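Source file: structure-v5.pdb. Holds: PDB, C-alpha atoms.
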```pdb
ATOM      1  CA  MET K   1      -8.745 -42.405 -21.293  1.00  0.00           C
ATOM      2  CA  GLY K   2      -5.552 -41.420 -19.496  1.00  0.00           C
ATOM      3  CA  GLY K   3      -3.810 -38.113 -19.078  1.00  0.00           C
ATOM      4  CA  ASN K   4      -5.261 -34.662 -19.535  1.00  0.00           C
ATOM      5  CA  VAL K   5      -8.316 -35.097 -21.722  1.00  0.00           C
ATOM      6  CA  PRO K   6     -10.470 -32.096 -22.600  1.00  0.00           C
ATOM      7  CA  ILE K   7     -14.127 -32.244 -21.607  1.00  0.00           C
ATOM      8  CA  ASP K   8     -15.141 -31.325 -25.150  1.00  0.00           C
ATOM      9  CA  ASP K   9     -13.213 -31.826 -28.401  1.00  0.00           C
ATOM     10  CA  SER K  10     -13.097 -28.059 -28.943  1.00  0.00           C
ATOM     11  CA  MET K  11     -11.599 -27.390 -25.512  1.00  0.00           C
ATOM     12  CA  GLU K  12      -7.971 -27.692 -24.550  1.00  0.00           C
ATOM     13  CA  PRO K  13      -6.952 -29.223 -21.236  1.00  0.00           C
ATOM     14  CA  VAL K  14      -6.151 -26.741 -18.499  1.00  0.00           C
ATOM     15  CA  MET K  15      -2.590 -27.345 -17.382  1.00  0.00           C
ATOM     16  CA  ASN K  16      -0.311 -25.100 -15.396  1.00  0.00           C
ATOM     17  CA  ASP K  17       2.903 -25.915 -13.676  1.00  0.00           C
ATOM     18  CA  PRO K  18       3.053 -23.736 -10.533  1.00  0.00           C
ATOM     19  CA  SER K  19       6.857 -23.829 -10.570  1.00  0.00           C
ATOM     20  CA  SER K  20       6.830 -22.484 -14.144  1.00  0.00           C
ATOM     21  CA  ILE K  21       4.488 -19.658 -13.161  1.00  0.00           C
ATOM     22  CA  ASN K  22       6.600 -18.820 -10.119  1.00  0.00           C
ATOM     23  CA  GLU K  23       9.774 -18.876 -12.238  1.00  0.00           C
ATOM     24  CA  ARG K  24       8.208 -16.327 -14.575  1.00  0.00           C
ATOM     25  CA  ILE K  25       7.090 -14.152 -11.640  1.00  0.00           C
ATOM     26  CA  THR K  26      10.598 -14.356 -10.128  1.00  0.00           C
ATOM     27  CA  THR K  27      12.071 -13.225 -13.445  1.00  0.00           C
ATOM     28  CA  LEU K  28       9.672 -10.276 -13.602  1.00  0.00           C
ATOM     29  CA  ARG K  29      10.429  -9.382  -9.991  1.00  0.00           C
ATOM     30  CA  SER K  30      14.197  -9.448 -10.600  1.00  0.00           C
ATOM     31  CA  ALA K  31      13.748  -6.954 -13.451  1.00  0.00           C
ATOM     32  CA  ILE K  32      12.281  -4.344 -11.083  1.00  0.00           C
ATOM     33  CA  ASP K  33      14.737  -1.488 -10.764  1.00  0.00           C
ATOM     34  CA  GLY K  34      14.251   1.857  -9.072  1.00  0.00           C
ATOM     35  CA  GLN K  35      10.925   3.354  -8.045  1.00  0.00           C
ATOM     36  CA  LEU K  36       9.063   3.380 -11.369  1.00  0.00           C
ATOM     37  CA  SER K  37       8.351   1.040 -14.272  1.00  0.00           C
ATOM     38  CA  ASP K  38       6.998   1.834 -17.714  1.00  0.00           C
ATOM     39  CA  ARG K  39       3.211   1.341 -17.598  1.00  0.00           C
ATOM     40  CA  GLY K  40       3.127  -0.156 -21.103  1.00  0.00           C
ATOM     41  CA  ARG K  41       5.753  -2.726 -20.131  1.00  0.00           C
ATOM     42  CA  VAL K  42       3.798  -3.690 -16.999  1.00  0.00           C
ATOM     43  CA  ILE K  43       0.642  -4.162 -19.088  1.00  0.00           C
ATOM     44  CA  ASP K  44       2.577  -6.164 -21.697  1.00  0.00           C
ATOM     45  CA  ASN K  45       3.969  -8.427 -18.967  1.00  0.00           C
ATOM     46  CA  LEU K  46       0.489  -9.015 -17.542  1.00  0.00           C
ATOM     47  CA  LEU K  47      -0.892  -9.798 -20.999  1.00  0.00           C
ATOM     48  CA  ASP K  48       2.006 -12.174 -21.677  1.00  0.00           C
ATOM     49  CA  LEU K  49       1.246 -14.021 -18.437  1.00  0.00           C
ATOM     50  CA  ARG K  50      -2.436 -14.154 -19.353  1.00  0.00           C
ATOM     51  CA  ASN K  51      -1.612 -15.730 -22.716  1.00  0.00           C
ATOM     52  CA  GLU K  52       1.005 -18.097 -21.320  1.00  0.00           C
ATOM     53  CA  PHE K  53      -0.944 -19.622 -18.424  1.00  0.00           C
ATOM     54  CA  THR K  54      -4.503 -20.950 -18.388  1.00  0.00           C
ATOM     55  CA  SER K  55      -5.281 -21.168 -14.685  1.00  0.00           C
ATOM     56  CA  PRO K  56      -8.718 -19.562 -14.119  1.00  0.00           C
ATOM     57  CA  ALA K  57      -7.561 -18.161 -10.756  1.00  0.00           C
ATOM     58  CA  LEU K  58      -4.472 -16.616 -12.338  1.00  0.00           C
ATOM     59  CA  ILE K  59      -6.452 -15.168 -15.240  1.00  0.00           C
ATOM     60  CA  ALA K  60      -8.993 -13.645 -12.828  1.00  0.00           C
ATOM     61  CA  VAL K  61      -6.209 -11.915 -10.879  1.00  0.00           C
ATOM     62  CA  ILE K  62      -4.530 -10.722 -14.077  1.00  0.00           C
ATOM     63  CA  ASP K  63      -7.817  -9.315 -15.393  1.00  0.00           C
ATOM     64  CA  GLU K  64      -8.367  -7.498 -12.099  1.00  0.00           C
ATOM     65  CA  LEU K  65      -4.832  -6.086 -12.198  1.00  0.00           C
ATOM     66  CA  LEU K  66      -5.191  -5.007 -15.836  1.00  0.00           C
ATOM     67  CA  SER K  67      -8.325  -3.048 -14.984  1.00  0.00           C
ATOM     68  CA  ASP K  68      -6.514  -1.381 -12.103  1.00  0.00           C
ATOM     69  CA  VAL K  69      -3.046  -0.460 -13.457  1.00  0.00           C
ATOM     70  CA  PRO K  70      -2.294   3.003 -12.057  1.00  0.00           C
ATOM     71  CA  GLY K  71      -0.588   5.913 -13.752  1.00  0.00           C
ATOM     72  CA  LEU K  72      -0.600   7.351 -17.240  1.00  0.00           C
ATOM     73  CA  THR K  73       2.915   6.458 -18.341  1.00  0.00           C
ATOM     74  CA  VAL K  74       4.641   4.931 -15.317  1.00  0.00           C
ATOM     75  CA  VAL K  75       3.725   2.604 -12.450  1.00  0.00           C
ATOM     76  CA  GLU K  76       5.230   2.728  -8.989  1.00  0.00           C
ATOM     77  CA  ASN K  77       7.258  -0.401  -8.427  1.00  0.00           C
ATOM     78  CA  GLU K  78       5.585  -0.818  -5.039  1.00  0.00           C
ATOM     79  CA  TRP K  79       2.299  -1.476  -6.917  1.00  0.00           C
ATOM     80  CA  TRP K  80       4.007  -3.753  -9.451  1.00  0.00           C
ATOM     81  CA  SER K  81       5.694  -5.758  -6.681  1.00  0.00           C
ATOM     82  CA  GLY K  82       2.346  -6.119  -4.898  1.00  0.00           C
ATOM     83  CA  ALA K  83       0.747  -7.243  -8.166  1.00  0.00           C
ATOM     84  CA  LEU K  84       3.428  -9.914  -8.543  1.00  0.00           C
ATOM     85  CA  ASP K  85       2.743 -11.020  -4.951  1.00  0.00           C
ATOM     86  CA  MET K  86      -0.952 -11.423  -5.830  1.00  0.00           C
ATOM     87  CA  LEU K  87      -0.057 -13.456  -8.917  1.00  0.00           C
ATOM     88  CA  SER K  88       2.252 -15.659  -6.889  1.00  0.00           C
ATOM     89  CA  LEU K  89      -0.549 -16.386  -4.413  1.00  0.00           C
ATOM     90  CA  ALA K  90      -2.981 -17.128  -7.256  1.00  0.00           C
ATOM     91  CA  ALA K  91      -0.470 -19.576  -8.752  1.00  0.00           C
ATOM     92  CA  GLU K  92      -0.299 -21.671  -5.580  1.00  0.00           C
ATOM     93  CA  PRO K  93      -2.071 -25.007  -5.918  1.00  0.00           C
ATOM     94  CA  THR K  94      -5.162 -25.281  -3.772  1.00  0.00           C
ATOM     95  CA  THR K  95      -6.306 -28.341  -1.913  1.00  0.00           C
ATOM     96  CA  ILE K  96      -9.737 -29.123  -0.614  1.00  0.00           C
TER      97      ILE K  96
END
```

Taking this structure as input, can you express it in the form of structure tokens?
Amino acid sequence: MGGNVPIDDSMEPVMNDPSSINERITTLRSAIDGQLSDRGRVIDNLLDLRNEFTSPALIAVIDELLSDVPGLTVVENEWWSGALDMLSLAAEPTTI
């Protein structure tokens, strides 16, 4: 029984490569330009991350951010940058 084996046949193994998550966050951060971003695009990016990565900690942060996206049509890039910082912290591997 080697490798990543799901606990139940109907469940998929939870795998996330922190460097892959951080690469994605770096790409999103480099796309920030000016003071405002389109709110719909920010939400789409968060949903894409939620679908792409299965880390429970990352999903919890994304869900919190999705429920808290400010603005009606635009988001201040200061908020978006802070959101990306939170995601980066959530992506860090934890040790006990």

Expansion of the PyMOL selection byres ((chain K and resi 29-45) around 6) into residues, as a ChimeraX atom specification: /K:26-28,46-48,73-77

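Here CA of Ala91 in chain K stands at a distance of 7.5 Å from CA of Ala57 in chain K.
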
Pairwise distance for CA of Ser19 in chain K and CA of Pro70 in chain K, rounded to one decimal in Å: 28.4 Å

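CA of Ser55 in chain K is found 29.0 Å from CA of Leu72 in chain K.
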
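Using only C-alpha atoms, the nearest neighbour of Pro56 in chain K within the list K:Leu87, K:Ser81, K:Asn22, K:Gly71 is K:Leu87.
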